[in-house]
file final_7.cif (mmCIF, C-alpha atoms)
data_input
#
loop_
_atom_site.group_PDB
_atom_site.id
_atom_site.type_symbol
_atom_site.label_atom_id
_atom_site.label_comp_id
_atom_site.auth_asym_id
_atom_site.auth_seq_id
_atom_site.Cartn_x
_atom_site.Cartn_y
_atom_site.Cartn_z
ATOM 1 C CA MET U 75 -73.295 -124.273 76.855
ATOM 2 C CA LYS U 76 -72.054 -124.704 73.272
ATOM 3 C CA THR U 77 -74.712 -127.327 72.641
ATOM 4 C CA ILE U 78 -77.509 -125.100 73.937
ATOM 5 C CA LEU U 79 -76.309 -122.175 71.803
ATOM 6 C CA ASN U 80 -76.000 -124.443 68.765
ATOM 7 C CA ILE U 81 -79.566 -125.718 69.202
ATOM 8 C CA ILE U 82 -80.959 -122.188 69.543
ATOM 9 C CA TRP U 83 -78.808 -121.159 66.564
ATOM 10 C CA LEU U 84 -80.134 -124.059 64.493
ATOM 11 C CA VAL U 85 -83.742 -123.077 65.150
ATOM 12 C CA LEU U 86 -83.384 -119.315 64.671
ATOM 13 C CA SER U 87 -80.942 -118.972 61.786
ATOM 14 C CA GLY U 88 -78.576 -121.891 61.273
ATOM 15 C CA PHE U 89 -80.901 -124.022 59.171
ATOM 16 C CA TRP U 90 -81.674 -121.193 56.744
ATOM 17 C CA LEU U 91 -78.032 -120.206 56.389
ATOM 18 C CA PHE U 92 -77.164 -123.877 55.870
ATOM 19 C CA LEU U 93 -79.700 -124.036 53.036
ATOM 20 C CA GLY U 94 -78.243 -120.867 51.483
ATOM 21 C CA TYR U 95 -74.743 -122.320 51.451
ATOM 22 C CA CYS U 96 -76.024 -125.635 50.079
ATOM 23 C CA LEU U 97 -77.852 -123.797 47.285
ATOM 24 C CA ALA U 98 -74.679 -121.872 46.468
ATOM 25 C CA GLY U 99 -72.720 -125.155 46.501
ATOM 26 C CA VAL U 100 -75.116 -126.863 44.117
ATOM 27 C CA LEU U 101 -75.139 -123.901 41.733
ATOM 28 C CA LEU U 102 -71.355 -123.647 41.792
ATOM 29 C CA CYS U 103 -70.920 -127.392 41.178
ATOM 30 C CA ILE U 104 -72.849 -127.198 37.896
ATOM 31 C CA THR U 105 -69.647 -126.370 36.017
ATOM 32 C CA VAL U 106 -66.330 -128.159 36.321
ATOM 33 C CA ILE U 107 -64.553 -124.900 37.121
ATOM 34 C CA GLY U 108 -66.961 -124.188 39.982
ATOM 35 C CA ILE U 109 -66.522 -127.532 41.776
ATOM 36 C CA PRO U 110 -63.776 -126.305 44.182
ATOM 37 C CA PHE U 111 -66.002 -123.372 45.095
ATOM 38 C CA GLY U 112 -68.975 -125.681 45.584
ATOM 39 C CA ILE U 113 -66.934 -127.868 47.913
ATOM 40 C CA ALA U 114 -65.960 -124.750 49.894
ATOM 41 C CA ALA U 115 -69.639 -123.785 50.113
ATOM 42 C CA PHE U 116 -70.586 -127.225 51.462
ATOM 43 C CA ARG U 117 -67.752 -127.029 54.008
ATOM 44 C CA ILE U 118 -68.955 -123.637 55.221
ATOM 45 C CA ALA U 119 -72.560 -124.894 55.230
ATOM 46 C CA LEU U 120 -71.697 -127.341 57.991
ATOM 47 C CA TYR U 121 -69.947 -124.553 59.908
ATOM 48 C CA ALA U 122 -73.007 -122.315 59.482
ATOM 49 C CA LEU U 123 -75.250 -125.124 60.705
ATOM 50 C CA TRP U 124 -73.350 -125.735 63.987
ATOM 51 C CA PRO U 125 -70.857 -122.841 64.599
ATOM 52 C CA PHE U 126 -70.335 -122.781 68.356
ATOM 53 C CA GLY U 127 -67.202 -124.707 69.314
ATOM 54 C CA TYR U 128 -65.573 -124.170 65.912
ATOM 55 C CA THR U 129 -63.473 -121.403 64.397
ATOM 56 C CA THR U 130 -61.503 -120.699 61.245
ATOM 57 C CA VAL U 131 -57.746 -120.505 60.922
ATOM 58 C CA GLU U 132 -55.668 -119.427 57.966
ATOM 59 C CA ARG U 133 -53.762 -122.122 56.170
ATOM 60 C CA ARG U 134 -50.110 -121.204 55.835
ATOM 61 C CA ASP U 135 -49.697 -123.344 52.706
ATOM 62 C CA ALA U 136 -52.422 -121.497 50.746
ATOM 63 C CA GLY U 137 -50.865 -119.505 47.951
ATOM 64 C CA ALA U 138 -51.783 -117.429 44.933
ATOM 65 C CA PRO U 139 -54.436 -119.840 43.588
ATOM 66 C CA SER U 140 -56.531 -119.399 46.719
ATOM 67 C CA CYS U 141 -56.173 -115.621 46.407
ATOM 68 C CA VAL U 142 -57.442 -115.713 42.820
ATOM 69 C CA GLY U 143 -60.148 -118.162 43.867
ATOM 70 C CA ASN U 144 -61.266 -115.843 46.654
ATOM 71 C CA VAL U 145 -61.735 -113.002 44.160
ATOM 72 C CA LEU U 146 -63.890 -115.261 41.981
ATOM 73 C CA TRP U 147 -65.801 -116.508 45.042
ATOM 74 C CA LEU U 148 -66.462 -112.930 46.147
ATOM 75 C CA VAL U 149 -68.011 -112.125 42.766
ATOM 76 C CA LEU U 150 -69.973 -115.382 42.351
ATOM 77 C CA ALA U 151 -71.343 -116.112 45.816
ATOM 78 C CA GLY U 152 -69.533 -114.400 48.673
ATOM 79 C CA TRP U 153 -71.225 -111.044 48.613
ATOM 80 C CA TRP U 154 -74.770 -112.348 48.902
ATOM 81 C CA LEU U 155 -73.857 -114.946 51.525
ATOM 82 C CA ALA U 156 -72.194 -112.221 53.609
ATOM 83 C CA LEU U 157 -75.273 -110.052 53.129
ATOM 84 C CA GLY U 158 -77.372 -112.894 54.541
ATOM 85 C CA HIS U 159 -75.130 -113.002 57.613
ATOM 86 C CA ILE U 160 -75.356 -109.236 58.078
ATOM 87 C CA VAL U 161 -79.159 -109.162 57.844
ATOM 88 C CA THR U 162 -79.567 -112.197 60.101
ATOM 89 C CA GLY U 163 -77.011 -110.859 62.607
ATOM 90 C CA ILE U 164 -78.747 -107.500 62.893
ATOM 91 C CA ALA U 165 -82.146 -109.166 63.285
ATOM 92 C CA LEU U 166 -80.816 -111.445 66.033
ATOM 93 C CA CYS U 167 -79.121 -108.595 67.911
ATOM 94 C CA VAL U 168 -82.474 -106.851 68.349
ATOM 95 C CA THR U 169 -83.354 -109.274 71.146
ATOM 96 C CA VAL U 170 -81.279 -109.830 74.268
ATOM 97 C CA ILE U 171 -81.201 -113.616 73.887
ATOM 98 C CA GLY U 172 -80.179 -113.258 70.242
ATOM 99 C CA ILE U 173 -77.062 -111.132 70.820
ATOM 100 C CA PRO U 174 -74.630 -114.102 71.056
ATOM 101 C CA LEU U 175 -76.220 -115.525 67.915
ATOM 102 C CA GLY U 176 -75.907 -112.199 66.110
ATOM 103 C CA ILE U 177 -72.236 -112.021 67.081
ATOM 104 C CA ALA U 178 -71.781 -115.551 65.711
ATOM 105 C CA ASN U 179 -73.342 -114.389 62.451
ATOM 106 C CA PHE U 180 -70.881 -111.516 62.259
ATOM 107 C CA LYS U 181 -68.076 -114.025 62.941
ATOM 108 C CA LEU U 182 -69.132 -115.946 59.822
ATOM 109 C CA ILE U 183 -68.853 -112.925 57.497
ATOM 110 C CA PRO U 184 -65.076 -113.149 56.809
ATOM 111 C CA VAL U 185 -65.251 -116.840 55.910
ATOM 112 C CA SER U 186 -68.302 -116.235 53.731
ATOM 113 C CA LEU U 187 -66.463 -113.516 51.818
ATOM 114 C CA LEU U 188 -63.053 -115.197 51.445
ATOM 115 C CA PRO U 189 -63.258 -118.926 52.270
ATOM 116 C CA LEU U 190 -60.327 -120.326 50.331
ATOM 117 C CA GLY U 191 -57.123 -120.597 52.323
ATOM 118 C CA ARG U 192 -59.043 -121.053 55.568
ATOM 119 C CA GLU U 193 -59.710 -124.205 57.538
ATOM 120 C CA ILE U 194 -62.555 -124.844 59.966
ATOM 121 C CA VAL U 195 -61.286 -126.442 63.184
ATOM 122 C CA ARG U 196 -62.543 -127.073 66.702
ATOM 123 C CA THR U 197 -61.951 -124.106 68.981
ATOM 124 C CA ASP U 198 -59.852 -126.091 71.445
ATOM 125 C CA GLU U 199 -57.586 -127.320 68.603
ATOM 126 C CA ALA U 200 -57.094 -123.795 67.250
ATOM 127 C CA PHE U 201 -56.104 -122.304 70.588
ATOM 128 C CA GLY U 202 -54.087 -125.365 71.634
ATOM 129 C CA ALA U 203 -51.958 -125.166 68.474
ATOM 130 C CA ARG U 204 -50.821 -121.592 69.088
#

call {"tool": "encode", "arguments": {"input": "final_7.cif", "output": "structure tokens"}}
result
Amino acid sequence: MKTILNIIWLVLSGFWLFLGYCLAGVLLCITVIGIPFGIAAFRIALYALWPFGYTTVERRDAGAPSCVGNVLWLVLAGWWLALGHIVTGIALCVTVIGIPLGIANFKLIPVSLLPLGREIVRTDEAFGAR
């Protein structure tokens, strides 16, 4: 079922969201200071491309630098990436078949706003570790 949802996701919204994150990653990697943010954007791009079967968990070892980095990320790229998820999620929820995809878009909003200090893991690993 995850594979079917991921394929439908890829066709309807995943590819475009993937391109948005890749564009943000390239723009952020232009400066040396932005490279960690660009790497985070590329990591989230893969999650946005194929989200079903994966989730995010908070890293316990993330400290103050990731908090400061999240504030910078929010200003530089997070707000417009989250806006893309909101618009796409609402558009997908209009149709019955798109509701699970819209919910997946809404699930991506927190990681698009504050990605540092989070890790993307397989769903079975996240729930098995608890």

call {"tool": "closest_residue", "arguments": {"input": "final_7.cif", "among": "U:Gly191, U:Ile183, U:Leu101, U:Val106", "to": "Gly137 in chain U", "atoms": "all atoms listed in the file"}}
result
U:Gly191

call {"tool": "resolve_selection", "arguments": {"input": "final_7.cif", "expression": "the PyMOL selection byres ((chain U and resi 193-198) around 10)", "output": "list in words"}}
result
Ala114, Arg117, Ile118, Leu120, Tyr121, Pro125, Phe126, Gly127, Tyr128, Thr129, Thr130, Val131, Glu132, Arg133, Val185, Pro189, Leu190, Gly191, Arg192, Glu199, Ala200, Phe201, Gly202 and Ala203 of chain U

call {"tool": "residues_around", "arguments": {"input": "final_7.cif", "residues": "range 82-89 of chain U", "least_positions_apart": "6", "cutoff": "9 Å", "atoms": "only C-alpha atoms", "output": "PyMOL selection string"}}
result
chain U and resi 122-126+162+166+172+175+179

call {"tool": "closest_residue", "arguments": {"input": "final_7.cif", "among": "U:Leu187, U:Lys181, U:Ile107, U:Leu148", "to": "Gly163 in chain U", "atoms": "all atoms listed in the file"}}
result
U:Lys181

call {"tool": "closest_residue", "arguments": {"input": "final_7.cif", "among": "U:Gly158, U:Ile113, U:Trp147, U:Ile78", "to": "Trp90 in chain U", "atoms": "all atoms listed in the file"}}
result
U:Gly158

call {"tool": "residues_near_point", "arguments": {"input": "final_7.cif", "point": "(-71.0, -112.3, 53.7)", "cutoff": "8 Å", "atoms": "all atoms listed in the file", "output": "MDAnalysis selection string"}}
result
chainID U and resid 152:160 182:187

call {"tool": "write_last_selection", "arguments": {"input": "final_7.cif", "atoms": "C-alpha atoms", "output": "mmCIF file, in the coordinates of the input"}}
result
data_model
loop_
_atom_site.group_PDB
_atom_site.id
_atom_site.type_symbol
_atom_site.label_atom_id
_atom_site.label_comp_id
_atom_site.auth_asym_id
_atom_site.auth_seq_id
_atom_site.Cartn_x
_atom_site.Cartn_y
_atom_site.Cartn_z
ATOM 1 C CA GLY U 152 -69.533 -114.400 48.673
ATOM 2 C CA TRP U 153 -71.225 -111.044 48.613
ATOM 3 C CA TRP U 154 -74.770 -112.348 48.902
ATOM 4 C CA LEU U 155 -73.857 -114.946 51.525
ATOM 5 C CA ALA U 156 -72.194 -112.221 53.609
ATOM 6 C CA LEU U 157 -75.273 -110.052 53.129
ATOM 7 C CA GLY U 158 -77.372 -112.894 54.541
ATOM 8 C CA HIS U 159 -75.130 -113.002 57.613
ATOM 9 C CA ILE U 160 -75.356 -109.236 58.078
ATOM 10 C CA LEU U 182 -69.132 -115.946 59.822
ATOM 11 C CA ILE U 183 -68.853 -112.925 57.497
ATOM 12 C CA PRO U 184 -65.076 -113.149 56.809
ATOM 13 C CA VAL U 185 -65.251 -116.840 55.910
ATOM 14 C CA SER U 186 -68.302 -116.235 53.731
ATOM 15 C CA LEU U 187 -66.463 -113.516 51.818
#

call {"tool": "atom_distance", "arguments": {"input": "final_7.cif", "atom1": "CA of Ile81 in chain U", "atom2": "CA of Gly94 in chain U"}}
result
18.4 Å

call {"tool": "closest_residue", "arguments": {"input": "final_7.cif", "among": "U:Cys141, U:Ala151, U:Leu188, U:Ala178", "to": "Leu97 in chain U", "atoms": "all atoms listed in the file"}}
result
U:Ala151

call {"tool": "atom_distance", "arguments": {"input": "final_7.cif", "atom1": "CA of Gly143 in chain U", "atom2": "CA of Phe116 in chain U"}}
result
15.8 Å

call {"tool": "atom_distance", "arguments": {"input": "final_7.cif", "atom1": "CA of Phe92 in chain U", "atom2": "CA of Asn80 in chain U"}}
result
13.0 Å

call {"tool": "closest_residue", "arguments": {"input": "final_7.cif", "among": "U:Cys167, U:Ala136, U:Ile104, U:Phe111", "to": "Leu150 in chain U", "atoms": "all atoms listed in the file"}}
result
U:Phe111

call {"tool": "build_atoms", "arguments": {"input": "final_7.cif", "residues": "range 94-111 of chain U", "atoms": "N, CA and C atoms", "output": "PDB file, keeping the file's coordinate frame"}}
result
ATOM      1  N   GLY U  94     -78.839-121.842  52.400  1.00  0.00           N
ATOM      2  CA  GLY U  94     -78.243-120.867  51.483  1.00  0.00           C
ATOM      3  C   GLY U  94     -76.888-121.318  50.974  1.00  0.00           C
ATOM      4  N   TYR U  95     -76.057-121.824  51.868  1.00  0.00           N
ATOM      5  CA  TYR U  95     -74.743-122.320  51.451  1.00  0.00           C
ATOM      6  C   TYR U  95     -74.875-123.567  50.581  1.00  0.00           C
ATOM      7  N   CYS U  96     -75.824-124.436  50.905  1.00  0.00           N
ATOM      8  CA  CYS U  96     -76.024-125.635  50.079  1.00  0.00           C
ATOM      9  C   CYS U  96     -76.504-125.255  48.686  1.00  0.00           C
ATOM     10  N   LEU U  97     -77.399-124.276  48.592  1.00  0.00           N
ATOM     11  CA  LEU U  97     -77.852-123.797  47.285  1.00  0.00           C
ATOM     12  C   LEU U  97     -76.687-123.218  46.491  1.00  0.00           C
ATOM     13  N   ALA U  98     -75.864-122.420  47.141  1.00  0.00           N
ATOM     14  CA  ALA U  98     -74.679-121.872  46.468  1.00  0.00           C
ATOM     15  C   ALA U  98     -73.752-123.001  46.018  1.00  0.00           C
ATOM     16  N   GLY U  99     -73.576-124.026  46.856  1.00  0.00           N
ATOM     17  CA  GLY U  99     -72.720-125.155  46.501  1.00  0.00           C
ATOM     18  C   GLY U  99     -73.230-125.913  45.305  1.00  0.00           C
ATOM     19  N   VAL U 100     -74.527-126.146  45.260  1.00  0.00           N
ATOM     20  CA  VAL U 100     -75.116-126.863  44.117  1.00  0.00           C
ATOM     21  C   VAL U 100     -74.967-126.042  42.848  1.00  0.00           C
ATOM     22  N   LEU U 101     -75.267-124.755  42.917  1.00  0.00           N
ATOM     23  CA  LEU U 101     -75.139-123.901  41.733  1.00  0.00           C
ATOM     24  C   LEU U 101     -73.695-123.810  41.254  1.00  0.00           C
ATOM     25  N   LEU U 102     -72.757-123.745  42.181  1.00  0.00           N
ATOM     26  CA  LEU U 102     -71.355-123.647  41.792  1.00  0.00           C
ATOM     27  C   LEU U 102     -70.817-124.969  41.247  1.00  0.00           C
ATOM     28  N   CYS U 103     -71.384-126.087  41.653  1.00  0.00           N
ATOM     29  CA  CYS U 103     -70.920-127.392  41.178  1.00  0.00           C
ATOM     30  C   CYS U 103     -71.465-127.750  39.795  1.00  0.00           C
ATOM     31  N   ILE U 104     -72.301-126.908  39.226  1.00  0.00           N
ATOM     32  CA  ILE U 104     -72.849-127.198  37.896  1.00  0.00           C
ATOM     33  C   ILE U 104     -71.737-127.254  36.856  1.00  0.00           C
ATOM     34  N   THR U 105     -70.765-126.363  36.957  1.00  0.00           N
ATOM     35  CA  THR U 105     -69.647-126.370  36.017  1.00  0.00           C
ATOM     36  C   THR U 105     -68.428-127.035  36.654  1.00  0.00           C
ATOM     37  N   VAL U 106     -67.547-127.519  35.828  1.00  0.00           N
ATOM     38  CA  VAL U 106     -66.330-128.159  36.321  1.00  0.00           C
ATOM     39  C   VAL U 106     -65.446-127.137  37.037  1.00  0.00           C
ATOM     40  N   ILE U 107     -65.391-125.941  36.520  1.00  0.00           N
ATOM     41  CA  ILE U 107     -64.553-124.900  37.121  1.00  0.00           C
ATOM     42  C   ILE U 107     -65.067-124.517  38.505  1.00  0.00           C
ATOM     43  N   GLY U 108     -66.380-124.602  38.714  1.00  0.00           N
ATOM     44  CA  GLY U 108     -66.961-124.188  39.982  1.00  0.00           C
ATOM     45  C   GLY U 108     -66.930-125.233  41.082  1.00  0.00           C
ATOM     46  N   ILE U 109     -66.500-126.462  40.776  1.00  0.00           N
ATOM     47  CA  ILE U 109     -66.522-127.532  41.776  1.00  0.00           C
ATOM     48  C   ILE U 109     -65.714-127.202  43.035  1.00  0.00           C
ATOM     49  N   PRO U 110     -64.495-126.658  42.937  1.00  0.00           N
ATOM     50  CA  PRO U 110     -63.776-126.305  44.182  1.00  0.00           C
ATOM     51  C   PRO U 110     -64.532-125.279  45.027  1.00  0.00           C
ATOM     52  N   PHE U 111     -65.224-124.366  44.367  1.00  0.00           N
ATOM     53  CA  PHE U 111     -66.002-123.372  45.095  1.00  0.00           C
ATOM     54  C   PHE U 111     -67.228-124.020  45.725  1.00  0.00           C
TER      55      PHE U 111
END
